[in-house]
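Peer 1: Let me begin by handing over the structure; questions about it come next.
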Amino acid sequence: MIAIVDYGIGNLHSVSKALEKLGQEVCVTSTGADIEKSHAVILPGVGSFGDAVDQMEKNGLIDPLRSFALEKKPILGICLGLQLLFEKSQESPRKKGLALIDGEVRKLPPTNKIPHMGWNRIYFRKNTPLTTNISQGRFFYFAHSYYVVPETDTDTIGICNYNVVIPVVVNHENLWGVQFHPEKSSTWGMKFLENWVGIIPK
Amino acid sequence: MLAKRIIPCLDIKEGTVVKGIHFENIKDVGDPVELSRRYEEEGADELVFLDITASYEKRETMVTVAEKVAETIFMPFTVGGGISTPEHVSKLLKAGADKVSINTAAVLNPNLVSQLADKFGSQCVVVAIDVKKTWDRITRHSYWEVFINGGRTPTGKDALSWANQVEKLGAGEILLTSMDTDGTQSGYDISLTRKIAERVTIPVIASGGAGKLEHLLSVLREGQADAALVASIFHYKQFTILEAKNFLKKRGIPVRTED
């Protein structure tokens, strides 16, 4: 079972429907008990950093999520979900995220339109199980104003260009994160999710 | 490089897709789920669903449509029409919408824009601005006036300064409709679109008037729009989205195609 964490805001329907289409059993949840029972967790992507942290704290999810990660079980963060894997964000400087990957979340520089909204090409720096059968330069859908900067350069495995080079696929051991929305990126997004589902130990 | 978006707009009345000419004379063109599927296959970058009667009749609609669409297609879509509370927005996002578009409620209560941006993030707050060129009898100049309630009510507000204001309030995108060109198929209002696109740093979706592929080209190039909203020419199959994108690509506009 894959647990999709509900912060009480945002679109969870699309990501759960996408996983169901891939034949997965999913559970949209805001309890630590459901997370402990799951094989994998998705941190989905809508809302602001501070609100999501507040909701996770209120529902007592921080510790269960951290232990889940430390047990080396797979977590996929999508958009804001990727940002929540980091400790702090310029979006909500007083809030502390899950702090599972070293680095920080910054506001996109004002050299381009913000939010970075629409379809952009992504490029992989190396091949991983998640990039199987997805060629370089495919379009994925983005909608964000903040981006992650992992401290360890090798954690960044996919990038896109938006005047600034944005790390858009991040991997640290069992933790995966994408700045785009695979559940909204049509054919290639579904392929990406299928690849991630493929690495979940049964 | 970020692709310019081609966005079919589906005007919805009582669960059915319709397209108004000058916001009146409505014709029936089909089922929203069926049309969404067709547009995803053709390569639409996003979809917009507007409940064209919601604001007037003060209904909260579209949650069911959003749910059905989200089960069928895996691409971004926006829902608008009669949205005036964070609770309603929350329901729509939970049903699978990525963004909501607010119009009348934003004019009546500008704080709603910042409230929504704080709670859900700017990326899901689209402010729709319906604009008509109006003669001001006092200054003896014409200006672009903002209209609300589906184009029925003039507000006396200047569209250019309203665009700046919604950006400051936290809107993530502006959906700009020229009521003068909407439904005419005579081309977008290029000068209006360009004026607004130059004033704000958030993306601008141009709407109203697409009749030929050249119209898309000029609003994305001269009009500096980030996206073009299109209805009739796709609904009635004058062109497919792929034909439109190939046309734009040949002329140097970055668009998303599968090669």
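Within each chain, counting starts at residue 1; across the structure tokens, chains are named A, B, ... in the order shown, with ligands numbered 1 upward in that order.
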With only C-alpha atoms considered, list every residue of chain B at most 9 Å from chain A, as an MDAnalysis selection string.
Peer 2: chainID B and resid 1:5 40 45:46 67 70:77 90:98 117:124 172:173 200:203 255:259
Peer 1: Among the residues of segment 97-139 of chain B, find those DSSP assigns to alpha helix (DSSP H) from the backbone and print them as number ranges by chain.
Peer 2: B: 104-108, 111-120
Peer 1: What's around Glu57 of chain A at 12 Å? Count only C-alpha atoms, leave out sequence neighbours fewer than 2 positions away in its own chain, and write the answer as an MDAnalysis selection string.
Peer 2: chainID A and resid 7 30:32 50:55 59:65 95:98
Peer 1: If you run DSSP on the backbone here, which positions in segment 77-190 of chain A get strand (DSSP E or B)? Please write them as number ranges by chain.
Peer 2: A: 77-78, 89, 103-107, 116-124, 138-144, 146-150, 156-162, 164-172, 175-178
Peer 1: Which value, in Å to one decimal, gives the distance between atom CA of Gln224 of chain B and atom CA of Trp162 of chain B?
Peer 2: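 One can read the atom CA of Gln224 of chain B to atom CA of Trp162 of chain B distance as 18.5 Å.
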